[in-house]
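Engineer: Take this structure, written in structure tokens, and hold onto it; I'll ask about it next.
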Amino acid sequence: MAYSNPSPSSRFIITKNSQLNAKNMKRRSTEDNSSFAKKQKIAQQRKSLPIASVEKRILEEVKMNDTLIIVGETGSGKTTQLPQFLFNGGFCRDGRVIGITQPRRVAAVTVAKRVAEECDVELGQKVGYSVRFDDMTSSSTRIKYMTDGLLLREALLDPFLSRYSVIIVDEAHERTVHTDVLLGLLKNVQKARSISTCKESILEGRKKANNSAALKKEINAQCHILLKPCQGSKLSPLKLIIMSASLDARGFSEYFGGAKAVHIQGRQHPVDIFYTHHVEQDYIDAALITILQIHLEEGSGDMLVFLTGQDDIESLQRLIQERVRQLPEGSQKLLIVPIFSSLPSEIQMKVFKPAPHGFRKVILATNIAETSITIPGIKYVIDPGLVKTRSYDPCTRMESLKIVPTSKAQALQRSGRAGREGAGKCFRLYQESEFAKLADSATPEIKRLNLSNVILQLKALGVDDITEFDLMEKLSMRAIEKSLEELILLGALTADKKLSNPVGHQMARFPLEPIYSKALIVASEFNCLEEMLITVAMLLVDSMFYAPREKWEEARDKWKCFSHVEGDHLTLVNVYRASAESLEKSRLAGSKEKTAETILRKWCKENFINYSSLRHARDIHSQIQGHVEQMGLRISSCGDDMLQFRRCLTASFFLKVALKQPDGSYRTFDSSQVVQIHPTSVFFRTKKPECVVFNELIRTERNYIRDITRIDPAWIPELAPQYCSTQS
DNA sequence: GAGCACTGC
């Protein structure tokens, strides 16, 4: 395949970074046990970071500006260093805390560990992290890394985030729902806290004012906040720092009323970008040819290929293996390593293993390698320019997975993966003219989601009118209306769109989508909360069943043992209970030396269950059980009375019902979509029930419903009268 | 008859 050299203007990856202080780059040296040498090494590394030279200036800017935008390129050191600068600059006086949010758990955890090491303190003391299921903080924590979703949860308990003197929102350019909602909230909190500090002085100055109610009104109008006024507590102003990669700094600045933006250089090796001369019809084939071309013509170094999904990865893997046999005798061999999220983690780990001598590693990856996983040793990136994304149609309540072109930001992120350890090359399987046509950044997640959860959370935070809430992205009225309607049908909101009591408040407290919270609350009335806790935990986890292709038959026999005649929900309950039983048995047998982990791992292996998925479900289960207990809901089991459980599913999942059509397909009751039963369902091969509830409605090649249980259609008007009255 | 990208509370 022929590649054109790009025009200089498009080589912007190279421009700023090419002559960077590559000679200053510190390579991880061999193990060093002397703690003094270690400290010295850390100090040296810190000093060599681009951000180190601007410490004073940044501190000044933070002191002078309430909100600061920091544009930091990869490798600038902003995430690890800035909080330390602020700590040393006195921002943690009086026990106040610096909070740094990350979109992902691993990032929060690993960065906190690194910073604790740099500060030479025990993790969880001065420096700590807090993510779901894992809190490493204490009362002495002053620099706290966390996920953005967790800070949102904290805001429900402490609406003014009063412990924090500074909040740093890192990776804001990723625009996750959590980040977007958090930014809106922080804007309000900041306003409220600055008003709170001057409130007293206003009151003082207007002591003579005759109408205190009018004054209160005035203050609240000034706040333009949607938070309830704080009760006499004195709060210090809140500093906000928004950190982003370069493309959209202006958007953040405008959103924060023209906030000042500071640029910090990165430290990345140069990456040469190549485009194709012609349009490639078949990107799998184009990728195959490019891989072979690189292998035969370019120097050593591993390759990373970005593909859209498991299917692409597996078919390209087969194609490469066929072609590799035809390679000339004695040439270097190729080691193909696939990676995508539904692979069990022990298989995912293979990407980190260096290729054996005489092999060149080719990693076939989904988006997981774009941000979530950083693979060392990559010198060549192949980017077809496509990505599979999820979107949501509020009218049909259907999700879809579509393959769309990447954004410019994503293309940059991907090519950057080739320049982490040395100069690299990126081959984009499209023409340079196409790159110019790409959107700057991907559609923010909040535009592609069911808004019910966001709206419920905001209501719980005191935001009554969603359309008044200042988000970076304007939400569609249609999407808002549909979600409000859903929340009313679920009983979270009253007819006049106020949070209902107690159901709405309870639902908002669960870290779950509203429909699952509803199911738990209803289940306590139907005496099947024990089963529903398990069901919800299991439904929230992906890819519970996993088997390599060659063991497919064996696995299916194992899975058959779990299947339940009434459907997938109870099948999942069976899996959960079987695993718990095996754990219990081992304990009774007195195998004390074995940990729960080793017992469960063994059980999972024998039954072709994904251990990390089961582990995740167990974590969710214990967390939501805690919430349920706190709320005083009664946890009881329906025993063998599965009728009760299925009726309970109907009472909560009535928006997700499908009826069988004469031709054997199904039609959703809510929006009359023609849908098929997903191949993973227990009903895929058996006799099809007349009427089902489902967990998920998703469009891929076809419209599919997933996780299905048989119900009686006559139950719907009985158990969801509020819904049926709106259907006529 | 055939299959879901990635996060997060």
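Residues are named by chain letter and number: chains run A, B, ... in the order of the structure tokens, numbers start at 1 in each chain, and ligands are numbered from 1 in the order shown.
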I'd like the contact shell of B:DG1 - 10 Å cut-off, only C-alpha atoms (C1' of nucleotides), skipping same-chain residues fewer than 6 positions apart - returned as a short mmCIF file (atom, residue, chain, number, x, y, z; two decimals) with all heavy atoms, in the first residue's frame.

Structural biologist:
```cif
data_model
loop_
_atom_site.label_atom_id
_atom_site.label_comp_id
_atom_site.auth_asym_id
_atom_site.auth_seq_id
_atom_site.Cartn_x
_atom_site.Cartn_y
_atom_site.Cartn_z
N PRO A 679 -28.86 -14.19 20.85
CA PRO A 679 -28.34 -15.57 20.90
C PRO A 679 -27.83 -16.02 22.26
O PRO A 679 -27.71 -17.22 22.49
CB PRO A 679 -27.18 -15.54 19.90
CG PRO A 679 -27.48 -14.41 19.00
CD PRO A 679 -28.24 -13.40 19.79
N PHE A 684 -33.14 -18.64 23.21
CA PHE A 684 -32.72 -18.57 21.82
C PHE A 684 -33.01 -19.88 21.10
O PHE A 684 -33.44 -19.91 19.96
CB PHE A 684 -31.23 -18.23 21.74
CG PHE A 684 -30.74 -18.01 20.35
CD1 PHE A 684 -31.20 -16.92 19.62
CD2 PHE A 684 -29.85 -18.89 19.76
CE1 PHE A 684 -30.75 -16.70 18.33
CE2 PHE A 684 -29.41 -18.68 18.47
CZ PHE A 684 -29.86 -17.59 17.75
N ARG A 685 -32.78 -21.00 21.80
CA ARG A 685 -32.95 -22.30 21.17
C ARG A 685 -34.25 -22.99 21.57
O ARG A 685 -34.65 -23.97 20.96
CB ARG A 685 -31.80 -23.21 21.56
CG ARG A 685 -30.50 -22.86 20.91
CD ARG A 685 -29.34 -23.41 21.73
NE ARG A 685 -28.09 -22.84 21.27
CZ ARG A 685 -27.44 -23.27 20.21
NH1 ARG A 685 -27.88 -24.29 19.52
NH2 ARG A 685 -26.31 -22.70 19.83
#
```

Engineer: I'd like a table as a Markdown table: residues in chain A with an atom no more than 6 Å from chain B, each row giving the shortest atom pair and its distance in Å to one decimal, only C-alpha atoms (C1' of nucleotides) counted, sorted by chain and rising residue number.

Structural biologist:
```
| residue | atom | partner | partner_atom | distance |
| --- | --- | --- | --- | --- |
| A:Gly149 | CA | B:DC9 | C1' | 5.5 |
| A:Lys388 | CA | B:DA5 | C1' | 4.8 |
| A:Thr389 | CA | B:DA5 | C1' | 5.6 |
| A:Pro511 | CA | B:DC9 | C1' | 4.7 |
```

Engineer: Can I get the selected residues back with all heavy atoms, as a PDB file, in the first residue's frame?

Structural biologist:
```
ATOM      1  N   GLY A 149     -17.241  10.232  39.214  1.00  0.00           N
ATOM      2  CA  GLY A 149     -18.535   9.727  39.665  1.00  0.00           C
ATOM      3  C   GLY A 149     -18.621   9.681  41.182  1.00  0.00           C
ATOM      4  O   GLY A 149     -19.672   9.937  41.772  1.00  0.00           O
ATOM      5  N   LYS A 388     -16.414   1.876  17.319  1.00  0.00           N
ATOM      6  CA  LYS A 388     -17.791   1.455  17.592  1.00  0.00           C
ATOM      7  C   LYS A 388     -18.290   2.250  18.788  1.00  0.00           C
ATOM      8  O   LYS A 388     -17.655   2.244  19.839  1.00  0.00           O
ATOM      9  CB  LYS A 388     -17.826  -0.042  17.893  1.00  0.00           C
ATOM     10  CG  LYS A 388     -19.218  -0.638  17.748  1.00  0.00           C
ATOM     11  CD  LYS A 388     -19.237  -2.108  18.087  1.00  0.00           C
ATOM     12  CE  LYS A 388     -18.939  -2.983  16.902  1.00  0.00           C
ATOM     13  NZ  LYS A 388     -19.087  -4.430  17.204  1.00  0.00           N
ATOM     14  N   THR A 389     -19.375   2.950  18.599  1.00  0.00           N
ATOM     15  CA  THR A 389     -19.889   3.763  19.717  1.00  0.00           C
ATOM     16  C   THR A 389     -21.338   3.427  20.012  1.00  0.00           C
ATOM     17  O   THR A 389     -22.085   2.964  19.166  1.00  0.00           O
ATOM     18  CB  THR A 389     -19.844   5.273  19.419  1.00  0.00           C
ATOM     19  OG1 THR A 389     -20.522   5.482  18.190  1.00  0.00           O
ATOM     20  CG2 THR A 389     -18.455   5.800  19.366  1.00  0.00           C
ATOM     21  N   PRO A 511     -26.589   3.648  43.816  1.00  0.00           N
ATOM     22  CA  PRO A 511     -25.677   3.926  42.700  1.00  0.00           C
ATOM     23  C   PRO A 511     -26.046   3.089  41.481  1.00  0.00           C
ATOM     24  O   PRO A 511     -25.257   2.316  40.977  1.00  0.00           O
ATOM     25  CB  PRO A 511     -24.317   3.513  43.268  1.00  0.00           C
ATOM     26  CG  PRO A 511     -24.626   2.452  44.251  1.00  0.00           C
ATOM     27  CD  PRO A 511     -25.992   2.754  44.811  1.00  0.00           C
TER      28      PRO A 511
END
```

Engineer: Please provide the set of residues having any atom within 8 Å of stretch 238-249 of chain A, restricted to only C-alpha atoms (C1' of nucleotides), with same-chain residues fewer than 6 positions apart removed, written as a PyMOL selection string.

Structural biologist: chain A and resi 62+65-74+164-173+186+189-190+193-194+261+409+440-441

Engineer: Where in stretch 385-493 of chain A does DSSP assign helix (DSSP H, G or I), given as a PyMOL selection string?

Structural biologist: chain A and resi 408-416+432-437+445-448+452-460+466-468+477-489

Engineer: Quick one: residues within 9 Å of stretch 521-537 of chain A, only C-alpha atoms (C1' of nucleotides), excluding same-chain residues fewer than 5 positions away - as a ChimeraX atom specification?

Structural biologist: /A:503,506-507,516,569-570,572-573,576-577,616-622,624-625,628,633-639,642,644-645,647-649,651-652

Engineer: Selection from above, C-alpha atoms, as a short mmCIF file (atom, residue, chain, number, x, y, z; two decimals), in the first residue's frame, can you write it?

Structural biologist:
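What landed in selection_27.cif:
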```cif
data_model
loop_
_atom_site.label_atom_id
_atom_site.label_comp_id
_atom_site.auth_asym_id
_atom_site.auth_seq_id
_atom_site.Cartn_x
_atom_site.Cartn_y
_atom_site.Cartn_z
CA VAL A 503 -39.41 6.37 46.70
CA GLN A 506 -34.50 6.19 47.96
CA MET A 507 -33.99 5.64 44.24
CA TYR A 516 -32.84 -1.18 38.96
CA HIS A 569 -32.67 -13.49 35.14
CA LEU A 570 -33.08 -16.66 37.17
CA LEU A 572 -27.99 -15.53 36.48
CA VAL A 573 -29.28 -16.07 40.01
CA TYR A 576 -24.38 -16.56 41.53
CA ARG A 577 -25.76 -19.01 44.04
CA HIS A 616 -17.46 -7.41 40.23
CA ALA A 617 -21.01 -8.71 40.68
CA ARG A 618 -20.19 -9.77 44.24
CA ASP A 619 -18.84 -6.29 45.00
CA ILE A 620 -21.94 -4.63 43.60
CA HIS A 621 -24.11 -7.07 45.52
CA SER A 622 -22.54 -6.23 48.85
CA ILE A 624 -26.31 -2.38 47.22
CA GLN A 625 -27.17 -4.76 50.02
CA VAL A 628 -30.91 -1.65 51.12
CA LEU A 633 -35.95 -2.53 53.33
CA ARG A 634 -36.81 -6.09 54.23
CA ILE A 635 -34.53 -8.69 52.65
CA SER A 636 -36.36 -11.96 52.24
CA SER A 637 -36.36 -14.78 49.73
CA CYS A 638 -39.32 -16.02 47.73
CA GLY A 639 -37.86 -19.52 47.96
CA MET A 642 -40.64 -17.87 41.13
CA GLN A 644 -43.58 -13.94 42.83
CA PHE A 645 -40.19 -12.98 41.42
CA ARG A 647 -44.41 -10.64 38.95
CA CYS A 648 -41.94 -8.38 40.68
CA LEU A 649 -39.91 -8.06 37.47
CA ALA A 651 -43.91 -4.44 38.25
CA SER A 652 -40.54 -2.76 37.68
#
```

Engineer: Separation of atom CA of A:Arg318 and atom CA of A:Asp272, in Å?

Structural biologist: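 Value for the atom CA of A:Arg318-atom CA of A:Asp272 distance: 28.8 Å.
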
Engineer: Using only C-alpha atoms, which of A:Lys482, A:Gly626, A:Glu554, A:Tyr546 sits nearest A:Cys604?

Structural biologist: A:Tyr546

Engineer: Could you write out, as a PyMOL selection string, all the residues of stretch 437-681 of chain A that DSSP marks as strand (DSSP E)?

Structural biologist: chain A and resi 657-660+666-668+674-677
